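Undergrad: Got final-v7.txt for you, compact mmCIF, C-alpha atoms and all ligand atoms:
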```txt
# COMPACT_ATOMS: atom_id res chain seq x y z
CA MET V 1 15.15 1.94 2.24
CA ARG V 2 14.40 -0.86 4.73
CA LEU V 3 12.62 -3.97 3.45
CA LEU V 4 9.83 -3.93 6.05
CA GLU V 5 8.68 -0.80 7.83
CA VAL V 6 5.96 -0.85 10.46
CA GLU V 7 4.93 2.60 11.53
CA ASN V 8 2.85 3.49 14.53
CA LEU V 9 0.85 0.24 14.31
CA THR V 10 -2.05 -0.26 16.68
CA ALA V 11 -4.13 -3.47 16.68
CA CYS V 12 -7.02 -4.43 18.94
CA HIS V 13 -9.12 -7.39 20.01
CA GLY V 14 -12.46 -5.71 20.72
CA LEU V 15 -11.81 -3.21 23.46
CA LEU V 16 -8.37 -4.63 24.24
CA THR V 17 -5.44 -2.91 22.57
CA ALA V 18 -2.91 -5.68 21.91
CA VAL V 19 -0.32 -3.65 19.95
CA ARG V 20 0.17 0.04 20.76
CA HIS V 21 1.69 2.59 18.37
CA LEU V 22 4.49 0.20 17.53
CA SER V 23 7.17 1.03 14.97
CA LEU V 24 9.95 -1.22 13.70
CA SER V 25 11.91 -1.87 10.56
CA VAL V 26 13.79 -4.84 9.12
CA GLY V 27 16.64 -4.63 6.62
CA HIS V 28 17.32 -6.94 3.66
CA GLY V 29 18.81 -10.23 4.86
CA GLU V 30 18.33 -9.40 8.52
CA ALA V 31 17.10 -11.88 11.14
CA LEU V 32 15.03 -10.12 13.79
CA ALA V 33 13.77 -11.97 16.86
CA VAL V 34 10.70 -10.75 18.74
CA ILE V 35 10.58 -11.89 22.33
CA GLY V 36 8.20 -11.19 25.20
CA ALA V 37 6.00 -12.88 27.76
CA ASN V 38 2.64 -14.48 26.97
CA GLY V 39 0.13 -11.86 25.92
CA ALA V 40 2.77 -9.26 25.02
CA GLY V 41 1.21 -8.85 21.57
CA LYS V 42 3.73 -10.71 19.42
CA THR V 43 1.23 -12.86 17.52
CA THR V 44 -1.14 -9.96 17.00
CA LEU V 45 1.75 -7.91 15.60
CA PHE V 46 2.67 -10.71 13.17
CA ARG V 47 -0.91 -11.25 12.11
CA SER V 48 -1.31 -7.51 11.52
CA ILE V 49 1.81 -7.39 9.35
CA ALA V 50 0.58 -10.40 7.37
CA GLY V 51 -2.88 -8.88 6.91
CA VAL V 52 -4.70 -11.60 8.86
CA HIS V 53 -5.63 -9.16 11.63
CA PRO V 54 -6.95 -5.65 10.88
CA LEU V 55 -4.92 -2.56 11.75
CA ALA V 56 -6.70 -0.09 14.03
CA SER V 57 -4.18 2.50 12.84
CA GLY V 58 -0.68 2.78 11.45
CA GLN V 59 1.01 1.53 8.33
CA VAL V 60 2.90 -1.53 7.02
CA ARG V 61 5.30 -0.90 4.12
CA LEU V 62 7.23 -3.42 2.08
CA SER V 63 10.12 -1.96 0.07
CA GLY V 64 8.49 1.44 0.53
CA ARG V 65 5.08 0.29 -0.77
CA ASP V 66 2.15 0.77 1.60
CA VAL V 67 0.51 -2.66 1.90
CA SER V 68 -1.75 -1.75 4.84
CA ALA V 69 -4.95 -1.93 2.81
CA LEU V 70 -4.09 -5.27 1.15
CA LYS V 71 -5.76 -8.54 2.14
CA ALA V 72 -3.61 -11.39 3.45
CA SER V 73 -3.49 -13.15 0.06
CA GLN V 74 -2.45 -9.92 -1.62
CA ARG V 75 0.32 -9.44 0.95
CA VAL V 76 1.60 -12.94 0.14
CA ALA V 77 1.67 -11.87 -3.50
CA ALA V 78 3.52 -8.72 -2.44
CA GLY V 79 6.14 -10.84 -0.67
CA ILE V 80 5.10 -11.29 2.98
CA ALA V 81 4.79 -14.92 4.11
CA MET V 82 3.84 -15.99 7.62
CA VAL V 83 4.42 -19.37 9.25
CA PRO V 84 1.66 -19.27 11.84
CA GLU V 85 1.78 -20.64 15.35
CA GLY V 86 0.26 -24.12 15.14
CA ARG V 87 1.49 -24.48 11.53
CA ARG V 88 -1.95 -25.13 9.91
CA LEU V 89 -1.03 -27.69 7.24
CA PHE V 90 -3.52 -29.62 5.12
CA GLY V 91 -3.39 -32.76 7.24
CA ASP V 92 -4.74 -35.28 4.75
CA MET V 93 -2.51 -34.03 1.97
CA SER V 94 1.06 -35.19 1.43
CA VAL V 95 4.07 -33.03 2.12
CA ARG V 96 4.56 -32.68 -1.64
CA GLU V 97 0.97 -31.50 -2.13
CA ASN V 98 1.24 -29.03 0.75
CA LEU V 99 4.33 -27.51 -0.86
CA LEU V 100 2.96 -27.47 -4.41
CA ILE V 101 -0.26 -25.73 -3.41
CA ALA V 102 1.72 -22.95 -1.75
CA GLY V 103 3.81 -22.58 -4.89
CA GLU V 104 0.69 -22.17 -7.02
CA ASN V 105 -0.47 -19.22 -4.95
CA GLY V 106 2.87 -17.50 -4.65
CA ARG V 107 5.23 -15.43 -6.75
CA PRO V 108 7.80 -16.73 -9.19
CA GLY V 109 11.38 -16.73 -7.87
CA LYS V 110 14.34 -18.72 -6.70
CA TRP V 111 12.35 -21.00 -4.40
CA THR V 112 11.08 -24.08 -6.20
CA MET V 113 10.39 -27.59 -4.97
CA ASP V 114 14.04 -28.47 -5.61
CA SER V 115 15.59 -25.48 -3.86
CA VAL V 116 13.22 -25.81 -0.89
CA LEU V 117 14.21 -29.47 -0.51
CA ASP V 118 17.88 -28.47 -0.68
CA ALA V 119 17.33 -25.94 2.12
CA LEU V 120 15.16 -28.36 4.14
CA PRO V 121 16.68 -31.76 3.33
CA ALA V 122 14.76 -33.50 6.12
CA LEU V 123 11.63 -33.16 3.94
CA LYS V 124 12.99 -35.24 1.06
CA PRO V 125 12.09 -38.67 2.49
CA LEU V 126 8.72 -37.34 3.67
CA LEU V 127 7.31 -36.07 0.36
CA GLY V 128 4.68 -38.79 0.11
CA VAL V 129 3.67 -38.73 3.78
CA PRO V 130 0.38 -37.04 4.80
CA ALA V 131 1.02 -34.01 7.00
CA ASP V 132 -1.06 -35.57 9.78
CA GLY V 133 1.54 -38.36 10.03
CA LEU V 134 4.45 -36.02 10.80
CA SER V 135 6.17 -35.12 14.07
CA GLY V 136 6.04 -31.55 15.37
CA GLY V 137 9.49 -30.72 14.03
CA GLN V 138 8.66 -32.17 10.63
CA ARG V 139 5.42 -30.20 10.49
CA GLN V 140 7.29 -27.02 11.29
CA ALA V 141 9.78 -27.74 8.50
CA VAL V 142 6.89 -28.27 6.05
CA ALA V 143 5.27 -25.02 7.21
CA ILE V 144 8.52 -23.16 6.54
CA GLY V 145 8.93 -24.87 3.17
CA ARG V 146 5.39 -23.97 2.28
CA ALA V 147 6.04 -20.31 3.12
CA LEU V 148 9.23 -20.34 1.03
CA MET V 149 7.34 -21.76 -1.96
CA SER V 150 5.51 -18.43 -2.20
CA ASN V 151 8.92 -16.78 -2.77
CA PRO V 152 8.56 -14.20 -0.03
CA GLU V 153 10.66 -11.10 0.42
CA ILE V 154 10.27 -11.62 4.14
CA LEU V 155 9.38 -14.64 6.26
CA LEU V 156 7.48 -14.20 9.53
CA LEU V 157 7.85 -17.21 11.83
CA ASP V 158 5.55 -17.27 14.85
CA GLU V 159 6.52 -19.33 17.92
CA VAL V 160 9.12 -21.02 15.85
CA SER V 161 10.19 -23.75 18.28
CA LEU V 162 7.09 -24.05 20.46
CA GLY V 163 6.32 -27.64 21.43
CA LEU V 164 9.32 -29.16 19.66
CA SER V 165 11.85 -31.53 21.22
CA PRO V 166 15.38 -30.15 21.75
CA VAL V 167 16.63 -32.32 18.88
CA ALA V 168 13.88 -31.01 16.59
CA VAL V 169 14.72 -27.43 17.58
CA ASP V 170 18.38 -28.04 16.71
CA GLY V 171 17.32 -29.34 13.29
CA LEU V 172 15.01 -26.39 12.78
CA TYR V 173 17.69 -23.83 13.59
CA ALA V 174 20.15 -25.62 11.30
CA SER V 175 17.57 -25.07 8.53
CA LEU V 176 17.10 -21.43 9.53
CA ASP V 177 20.90 -20.97 9.38
CA LEU V 178 20.83 -22.26 5.80
CA LEU V 179 17.99 -19.91 4.93
CA ARG V 180 19.82 -16.97 6.41
CA ALA V 181 22.97 -17.88 4.50
CA SER V 182 20.90 -17.76 1.31
CA GLY V 183 19.89 -14.18 2.11
CA THR V 184 16.36 -14.80 3.40
CA THR V 185 15.00 -12.00 5.59
CA MET V 186 13.30 -13.33 8.71
CA VAL V 187 11.34 -12.09 11.69
CA LEU V 188 10.72 -14.76 14.28
CA VAL V 189 8.90 -15.02 17.57
CA GLU V 190 10.94 -17.21 19.87
CA GLN V 191 10.07 -17.98 23.49
CA ASP V 192 13.50 -19.47 24.14
CA LEU V 193 15.68 -16.47 24.98
CA ASP V 194 18.98 -18.29 24.40
CA ARG V 195 17.87 -19.42 20.97
CA ALA V 196 16.66 -15.93 20.06
CA LEU V 197 19.86 -14.27 21.23
CA GLY V 198 22.05 -16.92 19.62
CA PHE V 199 20.39 -16.69 16.22
CA ALA V 200 19.13 -13.18 15.58
CA ASP V 201 21.03 -10.14 14.34
CA ARG V 202 18.71 -7.97 16.40
CA VAL V 203 16.19 -8.59 19.15
CA ILE V 204 13.03 -6.71 20.10
CA CYS V 205 11.41 -7.32 23.47
CA MET V 206 7.68 -6.55 23.69
CA LEU V 207 5.52 -5.96 26.73
CA GLU V 208 1.86 -4.94 26.73
CA GLY V 209 1.90 -4.18 23.02
CA LYS V 210 4.99 -1.95 23.09
CA ILE V 211 8.68 -2.36 22.41
CA MET V 212 10.52 -2.22 25.74
CA LEU V 213 14.03 -2.98 24.50
CA GLU V 214 15.76 -3.33 21.15
CA GLY V 215 19.31 -4.05 20.07
CA ALA V 216 21.91 -6.51 18.83
CA PRO V 217 22.17 -9.53 21.16
CA HIS V 218 25.81 -8.81 22.04
CA ALA V 219 24.94 -5.21 22.94
CA LEU V 220 22.15 -6.12 25.39
CA ALA V 221 22.78 -7.01 29.03
CA ARG V 222 20.97 -10.15 30.12
CA SER V 223 19.54 -8.33 33.14
CA ASP V 224 18.11 -5.57 30.91
CA ILE V 225 16.46 -8.22 28.74
CA THR V 226 14.83 -10.02 31.66
CA ASP V 227 13.71 -6.68 33.12
CA ALA V 228 12.11 -5.72 29.80
CA TYR V 229 10.60 -9.20 29.46
CA PHE V 230 8.88 -9.13 32.81
CA GLY V 231 8.28 -5.40 32.95
CA PHE V 232 10.31 -4.61 36.05
CA THR V 233 10.93 -0.93 36.55
CA GLU V 234 13.84 0.43 38.57
CA VAL V 235 11.47 1.42 41.37
CA GLU V 236 10.00 -2.08 41.56
CA GLN V 237 13.45 -3.65 41.60
CA GLU V 238 14.56 -1.53 44.55
CA THR V 239 11.63 -2.85 46.58
CA LEU V 240 12.29 -6.53 45.79
P1 LIG W 1 1.46 -15.68 23.37
O1 LIG W 1 2.90 -15.90 23.50
O2 LIG W 1 0.65 -16.15 24.54
O3 LIG W 1 0.87 -16.09 22.04
P2 LIG W 1 1.57 -12.97 22.36
O4 LIG W 1 2.70 -12.11 22.80
O5 LIG W 1 1.65 -13.57 21.01
O6 LIG W 1 1.30 -14.09 23.44
P3 LIG W 1 -1.04 -12.07 21.60
O7 LIG W 1 -1.48 -13.47 21.36
O8 LIG W 1 -0.84 -11.17 20.44
O9 LIG W 1 0.30 -12.07 22.47
O10 LIG W 1 -2.06 -11.41 22.62
C1 LIG W 1 -2.00 -10.04 22.96
C2 LIG W 1 -3.21 -9.70 23.79
O11 LIG W 1 -4.38 -9.86 23.01
C3 LIG W 1 -3.37 -10.59 25.02
O12 LIG W 1 -3.88 -9.80 26.08
C4 LIG W 1 -4.40 -11.61 24.57
O13 LIG W 1 -5.15 -12.09 25.66
C5 LIG W 1 -5.26 -10.79 23.62
N1 LIG W 1 -5.82 -11.63 22.56
C6 LIG W 1 -5.13 -12.37 21.68
N2 LIG W 1 -5.96 -13.01 20.83
C7 LIG W 1 -7.22 -12.64 21.18
C8 LIG W 1 -8.52 -12.95 20.67
N3 LIG W 1 -8.69 -13.74 19.63
N4 LIG W 1 -9.57 -12.38 21.30
C9 LIG W 1 -9.42 -11.57 22.35
N5 LIG W 1 -8.22 -11.21 22.88
C10 LIG W 1 -7.14 -11.75 22.30
```
Output the file's structure as structure tokens, nothing else.
Ligand code: ATP

TA:
Amino acid sequence: MRLLEVENLTACHGLLTAVRHLSLSVGHGEALAVIGANGAGKTTLFRSIAGVHPLASGQVRLSGRDVSALKASQRVAAGIAMVPEGRRLFGDMSVRENLLIAGENGRPGKWTMDSVLDALPALKPLLGVPADGLSGGQRQAVAIGRALMSNPEILLLDEVSLGLSPVAVDGLYASLDLLRASGTTMVLVEQDLDRALGFADRVICMLEGKIMLEGAPHALARSDITDAYFGFTEVEQETL
């Protein structure tokens, strides 16, 4: 059985269908990258899996259990944690407080303050600093630490490197490497194709709410990825 199974998921914003009959699955310990142009439906897909956005139809299963009817907080308790785009930390609270609060609402497990700080060592000197005083990369690290404190089965990371400096992105991916080595299952939205292909075990490319291309990075031709990304068809390419 796969850890996460999304079956025939459709999600809408009013009359606009943002995700269309989409199915995917993620295995234990796998790192899946979701790529696609702006508006492809990546964030809506993540929010639907996390229970923050309602499903119009379809099903989300975690370890075979249908969690589709659960509220977001109940899905956290079931083991789905999302690091949202924009991070949403409690700005006037310290890094330590941000992490502890997440731990209080999560499940028991291997992730504690100590193990999170081992996986994200850059946070150690920042524990007493209010979140509002952090750089973008530091905020992202806190957001990931906060998600880990809930002891998730699966971590959903939206726009993981958006707005970060190249140095901060390097630091972030070093942390993600450590998490992966510890067996953490991850699904991440990454705008930077090279980063996505370099990190993930498998990549999904979305366009207009559907999966256009899927495979292991080494098995996908760069031209097929860019075609799927921008939605070029063979007919359109012949006329270019
Ligand atoms: P981006 O990289 O720009 O965040 P995305 O792939 O994450 O894009 P979504 O944000 O899921 O895509 O958007 C999918 C579609 O839903 C787009 O057409 C977008 O305009 C629309 N959409 C997203 N959020 C809303 C909203 N709150 N209200 C109305 N339409 C929305």

Undergrad: Pick out the closest residue to Leu164 in chain V from this set: V:Val142, V:Ser135, V:Val116, V:Val95. Count all atoms listed in the file.

TA: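 Nearest to Leu164 in chain V: V:Ser135.
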
Undergrad: Find the residue from V:Leu89, V:Ile35, V:Leu120, V:Ala81 that sits nearest to Ala200 in chain V; use only C-alpha atoms when measuring.

TA: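 When distances to Ala200 in chain V are compared using only C-alpha atoms, the smallest one comes from V:Ile35.
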
Undergrad: Restricting the calculation to all atoms listed in the file, which member of V:Ala37, V:Val167, V:Leu100, V:Leu9 is positioned closest to Thr226 in chain V?

TA: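 Closest residue, counting all atoms listed in the file: V:Ala37.
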
Undergrad: Point out the residue among V:Leu126, V:Leu4, V:Ala196, V:Ile49 with the least atom-to-atom distance to Glu159 in chain V, counting all atoms listed in the file.

TA: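 Of the candidates, the smallest distance to Glu159 in chain V is held by V:Ala196.
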
Undergrad: Separation of CA of Asn105 in chain V and CA of Ala147 in chain V, in Å?

TA: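 Taking CA of Asn105 in chain V as the start and CA of Ala147 in chain V as the end point, the length is 10.4 Å.
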
Undergrad: Within 8 Å of ligand LIG 1 (chain W) (counting all atoms listed in the file), which residues show up? I'd like them as a list of chain:residue names.

TA: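 Going residue by residue within 8 Å of ligand LIG 1 (chain W), we get V:Cys12, V:His13, V:Gly14, V:Leu16, V:Thr17, V:Ala18, V:Val19, V:Ile35, V:Gly36, V:Ala37, V:Asn38, V:Gly39, V:Ala40, V:Gly41, V:Lys42, V:Thr43, V:Thr44, V:Leu45, V:Glu159, V:Gln191, V:Met206, V:Leu207, V:Glu208, V:Gly209.
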
Undergrad: Show which residues sit within 6 Å of Leu3 in chain V, as a PDB file with C-alpha atoms, in the coordinates of the input. Count all atoms listed in the file, and ignore same-chain residues fewer than 6 positions away.

TA:
```
ATOM      1  CA  VAL V  26      13.790  -4.840   9.120  1.00  0.00           C
ATOM      2  CA  GLY V  27      16.640  -4.630   6.620  1.00  0.00           C
ATOM      3  CA  HIS V  28      17.320  -6.940   3.660  1.00  0.00           C
ATOM      4  CA  LEU V  62       7.230  -3.420   2.080  1.00  0.00           C
ATOM      5  CA  SER V  63      10.120  -1.960   0.070  1.00  0.00           C
TER       6      SER V  63
END
```

Undergrad: Choose the residue, out of V:Lys110, V:Glu5, V:Gly128, V:Glu153, that has the smallest atom-to-atom separation from Arg65 in chain V; count all atoms listed in the file.

TA: V:Glu5

Undergrad: Which residues come within 10 Å of His21 in chain V, counting all atoms listed in the file, excluding same-chain residues fewer than 2 positions away, as a PyMOL selection string?

TA: chain V and resi 6-11+17+19+23+56-58+209-211

Undergrad: What does the file look like for those residues with C-alpha atoms, as a compact mmCIF listing (two decimals), in the frame of the given file?

TA:
```txt
# COMPACT_ATOMS: atom_id res chain seq x y z
CA VAL V 6 5.96 -0.85 10.46
CA GLU V 7 4.93 2.60 11.53
CA ASN V 8 2.85 3.49 14.53
CA LEU V 9 0.85 0.24 14.31
CA THR V 10 -2.05 -0.26 16.68
CA ALA V 11 -4.13 -3.47 16.68
CA THR V 17 -5.44 -2.91 22.57
CA VAL V 19 -0.32 -3.65 19.95
CA SER V 23 7.17 1.03 14.97
CA ALA V 56 -6.70 -0.09 14.03
CA SER V 57 -4.18 2.50 12.84
CA GLY V 58 -0.68 2.78 11.45
CA GLY V 209 1.90 -4.18 23.02
CA LYS V 210 4.99 -1.95 23.09
CA ILE V 211 8.68 -2.36 22.41
```

Undergrad: Rank nothing, just name the residue among V:Gln59, V:Pro54, V:Ala143, V:Ala119 nearest to Gly91 in chain V, using all atoms listed in the file.

TA: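 Of V:Gln59, V:Pro54, V:Ala143, V:Ala119, the one nearest Gly91 in chain V, counting all atoms listed in the file, is V:Ala143.
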
Undergrad: Could you please determine the separation between CA of Gly215 in chain V and CA of Tyr229 in chain V in Å, to one decimal place?

TA: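 Between CA of Gly215 in chain V and CA of Tyr229 in chain V the gap is 13.8 Å.
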
Undergrad: In Å, with one decimal, what is the gap from CA of Ala77 in chain V to CA of Gly64 in chain V?

TA: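 According to the coordinates, CA of Ala77 in chain V and CA of Gly64 in chain V are separated by 15.5 Å.
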
Undergrad: Using all atoms listed in the file, which protein or nucleic acid residues come within 12 Å of Leu172 in chain V? Drop anything in the same chain fewer than 6 positions from it, and give the result as a list in words.

TA: Ala119, Leu120, Pro121, Ala122, Leu123, Gly136, Gly137, Gln138, Arg139, Gln140, Ala141, Val142, Ala143, Ile144, Gly145, Leu157, Val160, Ser161, Leu162, Leu164, Ser165, Pro166, Leu178, Leu179, Arg195 and Phe199 of chain V

Undergrad: Can you tell me which residues surround Ile101 in chain V at a distance of at most 10 Å, considering only C-alpha atoms, apart from same-chain residues fewer than 2 positions away, and format the answer as a list in words?

TA: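 Listed by chain and then number, they are Phe90, Arg96, Glu97, Asn98, Leu99, Gly103, Glu104, Asn105, Gly106, Arg146, Met149 and Ser150 of chain V.
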
Undergrad: Any idea what's packed within 6 Å of Ile204 in chain V, counting all atoms listed in the file, ignoring anything in its chain fewer than 6 positions away? Could you give it as a list in words?

TA: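 Answer for this query is Val34, Leu213 and Glu214 of chain V.
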
Undergrad: With C-alpha atoms kept, could you save the residues just selected as a short mmCIF file (atom, residue, chain, number, x, y, z; two decimals), in the coordinates of the input?

TA:
```cif
data_model
loop_
_atom_site.label_atom_id
_atom_site.label_comp_id
_atom_site.auth_asym_id
_atom_site.auth_seq_id
_atom_site.Cartn_x
_atom_site.Cartn_y
_atom_site.Cartn_z
CA VAL V 34 10.70 -10.75 18.74
CA LEU V 213 14.03 -2.98 24.50
CA GLU V 214 15.76 -3.33 21.15
#
```

Undergrad: As JSON, please report the centre and edge lengths, rounded to one decimal in Å, of the axis-aligned box that holds all listed atoms of range 133-141 of chain V with 5 Å of padding on each of the six sides.

TA:
```
{"center_x": 5.7, "center_y": -32.7, "center_z": 11.9, "size_x": 18.2, "size_y": 21.3, "size_z": 16.9}
```
